[in-house]
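Below: structure.cif (mmCIF, C-alpha atoms)
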data_structure
loop_
_atom_site.label_atom_id
_atom_site.label_comp_id
_atom_site.auth_asym_id
_atom_site.auth_seq_id
_atom_site.Cartn_x
_atom_site.Cartn_y
_atom_site.Cartn_z
CA MET A 1 115.32 76.02 92.18
CA SER A 2 117.03 79.29 91.26
CA ALA A 3 113.63 80.90 90.61
CA GLY A 4 112.63 80.09 94.17
CA ARG A 5 115.82 81.61 95.50
CA ALA A 6 115.31 84.77 93.48
CA GLY A 7 111.77 85.05 94.86
CA ALA A 8 113.04 84.52 98.38
CA ALA A 9 115.62 87.26 97.92
CA VAL A 10 112.89 89.66 96.85
CA LEU A 11 110.74 88.74 99.84
CA SER A 12 113.61 89.25 102.25
CA ARG A 13 113.68 92.97 101.38
CA PRO A 14 110.01 93.96 101.52
CA THR A 15 108.81 97.46 100.92
CA PHE A 16 105.62 98.38 102.74
CA HIS A 17 103.48 101.30 101.72
CA ALA A 18 100.13 102.04 103.33
CA HIS A 19 97.43 104.48 102.28
CA LEU A 20 95.85 105.78 105.49
CA VAL A 21 92.69 107.86 105.94
CA PHE A 22 91.71 109.39 109.29
CA THR A 23 88.38 111.18 109.73
CA THR A 24 87.55 113.74 112.35
CA LYS A 25 85.25 112.72 115.17
CA TYR A 26 81.62 112.88 113.99
CA ARG A 27 82.95 113.88 110.51
CA ARG A 28 82.77 117.50 111.62
CA GLY A 29 84.50 119.89 109.22
CA ALA A 30 87.03 121.08 111.81
CA LEU A 31 90.21 121.05 109.71
CA THR A 32 91.52 124.23 108.10
CA ASP A 33 94.52 124.78 105.86
CA PRO A 34 96.79 125.86 108.77
CA ILE A 35 95.64 122.86 110.83
CA LEU A 36 96.32 120.50 107.91
CA THR A 37 99.76 122.05 107.41
CA ARG A 38 100.63 121.53 111.08
CA CYS A 39 99.12 118.02 111.02
CA GLN A 40 101.36 117.12 108.09
CA GLN A 41 104.42 118.32 110.04
CA VAL A 42 103.49 116.43 113.19
CA MET A 43 102.72 113.22 111.31
CA ALA A 44 106.03 113.45 109.40
CA GLU A 45 107.85 113.69 112.75
CA VAL A 46 105.97 110.69 114.12
CA CYS A 47 106.89 108.72 111.02
CA GLN A 48 110.56 109.58 111.54
CA ASP A 49 110.34 108.28 115.13
CA PHE A 50 109.26 104.93 113.65
CA SER A 51 111.95 104.95 110.92
CA ALA A 52 109.09 105.44 108.49
CA GLU A 53 108.54 108.10 105.83
CA GLN A 54 105.48 110.14 105.02
CA ARG A 55 105.37 110.06 101.20
CA GLU A 56 102.12 111.95 100.58
CA PHE A 57 99.73 114.02 102.68
CA ASN A 58 96.62 116.06 102.03
CA GLY A 59 93.13 116.41 103.35
CA ALA A 60 89.82 118.17 103.42
CA ASP A 61 87.89 119.77 106.26
CA ASP A 62 86.85 116.41 107.77
CA HIS A 63 89.62 113.92 106.90
CA VAL A 64 93.26 113.41 105.96
CA HIS A 65 94.94 111.04 103.52
CA LEU A 66 98.55 109.98 103.77
CA VAL A 67 100.84 107.41 102.25
CA VAL A 68 103.55 106.09 104.52
CA HIS A 69 106.52 103.88 103.76
CA TYR A 70 107.45 101.84 106.82
CA PRO A 71 109.90 99.08 107.69
CA PRO A 72 108.76 95.51 108.33
CA SER A 73 109.74 95.86 112.00
CA VAL A 74 106.92 98.38 112.53
CA THR A 75 103.41 97.23 113.32
CA LEU A 76 101.04 99.37 111.26
CA SER A 77 98.48 99.60 114.09
CA ARG A 78 101.15 101.03 116.45
CA LEU A 79 102.17 103.57 113.84
CA VAL A 80 98.53 104.57 113.26
CA ASN A 81 97.86 104.89 117.01
CA SER A 82 100.88 107.18 117.36
CA LEU A 83 99.98 109.24 114.28
CA LYS A 84 96.46 109.82 115.56
CA GLY A 85 97.35 110.24 119.23
CA VAL A 86 100.29 112.59 118.85
CA SER A 87 98.63 114.71 116.16
CA SER A 88 95.46 114.98 118.24
CA ARG A 89 97.37 116.20 121.30
CA TYR A 90 99.39 118.77 119.36
CA LEU A 91 96.53 120.08 117.23
CA ARG A 92 94.04 120.32 120.09
CA ARG A 93 96.63 122.22 122.16
CA GLU A 94 97.70 124.55 119.34
CA PHE A 95 94.25 125.22 117.82
CA THR A 96 92.11 124.98 120.97
CA GLY A 97 89.76 127.87 120.21
CA HIS A 98 88.92 126.72 116.71
CA LEU A 99 88.63 122.99 117.41
CA ARG A 100 86.49 123.47 120.52
CA LYS A 101 83.72 124.82 118.24
CA TYR A 102 83.56 121.48 116.42
CA LEU A 103 84.71 118.89 118.94
CA TRP A 104 83.66 119.08 122.55
CA ASP A 105 85.43 116.04 123.98
CA GLU A 106 89.09 115.04 124.13
CA HIS A 107 89.23 113.40 120.69
CA LEU A 108 90.08 114.85 117.31
CA TRP A 109 89.96 111.65 115.25
CA SER A 110 87.27 109.04 114.87
CA PRO A 111 88.36 105.75 116.48
CA SER A 112 88.21 104.01 113.11
CA TYR A 113 90.52 104.48 110.14
CA PHE A 114 91.16 103.16 106.66
CA ALA A 115 94.44 101.41 105.90
CA GLY A 116 95.14 99.94 102.51
CA SER A 117 98.38 98.40 101.39
CA CYS A 118 99.67 99.63 98.08
CA GLY A 119 102.22 98.45 95.63
CA ALA A 120 104.30 100.48 93.22
CA ALA A 121 101.71 100.33 90.42
CA SER A 122 98.92 101.84 92.52
CA LEU A 123 101.08 104.51 94.21
CA THR A 124 100.67 106.84 91.24
CA VAL A 125 96.89 106.54 91.34
CA ILE A 126 96.80 107.04 95.12
CA LYS A 127 99.15 110.02 94.85
CA GLU A 128 96.81 111.67 92.31
CA CYS A 129 93.83 111.01 94.56
CA ILE A 130 95.55 112.59 97.54
CA GLU A 131 96.81 115.59 95.55
CA ASN A 132 93.28 116.24 94.26
CA GLN A 133 91.69 116.57 97.72
CA LYS A 134 89.60 119.71 98.17
CA ARG A 135 91.78 121.29 100.84
CA PRO A 136 90.21 124.29 102.64
CA ARG A 137 91.53 127.62 101.38
CA PRO A 138 93.87 129.62 103.67
#

Represent the structure of the file as structure tokens.
Amino acid sequence: MSAGRAGAAVLSRPTFHAHLVFTTKYRRGALTDPILTRCQQVMAEVCQDFSAEQREFNGADDHVHLVVHYPPSVTLSRLVNSLKGVSSRYLRREFTGHLRKYLWDEHLWSPSYFAGSCGAASLTVIKECIENQKRPRP
């Protein structure tokens, strides 16, 4: 009986981490180092609005990886929609000239995305993967 109670206590305080990957529309290599830097800032702000935390961020010219820690009250799909929507609006407004060369419609991100849950053991591996992205040079 006490083992069940201990397990229940652990489950009552869940920790959710998600590894997210967003690709640019048509996988066009539109992202530069300054765009990725600004994207990281915007996405960190969105996470804060959701009482979430951006733990890792990096990317390449056609995609971004991030690990977010979020509370159980947050629906991951809502968080993802806000991350993609808000970052798209800011980046397209702030880097209009550059992004217009690669993306001719109103979208920065592909409508699909990857979301994988991760536990403490795999966070180290995911962190290494994200840190080793081939980010465009400034």

Applied to this file, what does the PyMOL selection byres ((chain A and resi 71) around 10) return in terms of residues, put as JSON, numbers by chain?
{"A": [13, 14, 15, 16, 17, 50, 51, 52, 53, 68, 69, 70, 72, 73, 74, 75, 76]}

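Picture a line from atom CA of Lys25 of chain A to atom CA of Thr124 of chain A; it runs 29.1 Å.
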
Exactly which residues make up the result of the PyMOL selection byres ((chain A and resi 41) around 12) on this file, given as a count of residues only?
25

I need the residue nearest Thr32 of chain A from this list: A:Asp62, A:Asp105, A:Glu131, A:Glu94. Use all atoms listed in the file for the distance.
A:Asp62

Exactly which residues make up the result of the PyMOL selection byres ((chain A and resi 24) around 9) on this file, given as a VMD selection string?
chain A and resid 22 to 23 25 to 31 61 to 64 103 107 to 110

Serialized selection, C-alpha atoms, as a CSV table (one decimal), keeping the file's coordinate frame:
chain,number,residue,atom,x,y,z
A,22,PHE,CA,91.7,109.4,109.3
A,23,THR,CA,88.4,111.2,109.7
A,25,LYS,CA,85.2,112.7,115.2
A,26,TYR,CA,81.6,112.9,114.0
A,27,ARG,CA,83.0,113.9,110.5
A,28,ARG,CA,82.8,117.5,111.6
A,29,GLY,CA,84.5,119.9,109.2
A,30,ALA,CA,87.0,121.1,111.8
A,31,LEU,CA,90.2,121.0,109.7
A,61,ASP,CA,87.9,119.8,106.3
A,62,ASP,CA,86.8,116.4,107.8
A,63,HIS,CA,89.6,113.9,106.9
A,64,VAL,CA,93.3,113.4,106.0
A,103,LEU,CA,84.7,118.9,118.9
A,107,HIS,CA,89.2,113.4,120.7
A,108,LEU,CA,90.1,114.8,117.3
A,109,TRP,CA,90.0,111.6,115.2
A,110,SER,CA,87.3,109.0,114.9

Compare A:Asp33, A:Ser112, A:Glu106, A:Arg135 by their minimum atom-to-atom distance to Arg93 of chain A, counting all atoms listed in the file, and give me the closest one.
A:Glu106

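Reported to one decimal place, the separation of atom CA of Asp49 of chain A from atom CA of Val67 of chain A is 16.0 Å.
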
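By only C-alpha atoms, and with residues fewer than 6 positions from Leu20 of chain A along its chain excluded, the set lying at most 6 Å from it is A:His65, A:Leu66, A:Phe114, A:Ala115.
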
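Of note, atom CA of Ile126 of chain A and atom CA of Ser82 of chain A are spaced 22.6 Å apart.
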
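Residue nearest Lys84 of chain A within the list A:Val125, A:Asn132, A:Pro111, A:Pro138: A:Pro111 [criterion: smallest interatomic distance, all atoms listed in the file].
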
Please write out, as AutoDock Vina command-line options, where the centre of an axis-aligned box around all listed atoms of segment 54-64 of chain A lies and how long its edges are, in Å to one decimal, after adding 3 Å on each side.
--center_x 96.2 --center_y 114.9 --center_z 104.2 --size_x 24.6 --size_y 15.7 --size_z 13.2

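Closest approach to Cys118 of chain A among A:Arg78, A:Lys134, A:Arg100, A:His19 is made by A:His19 (distances from all atoms listed in the file).
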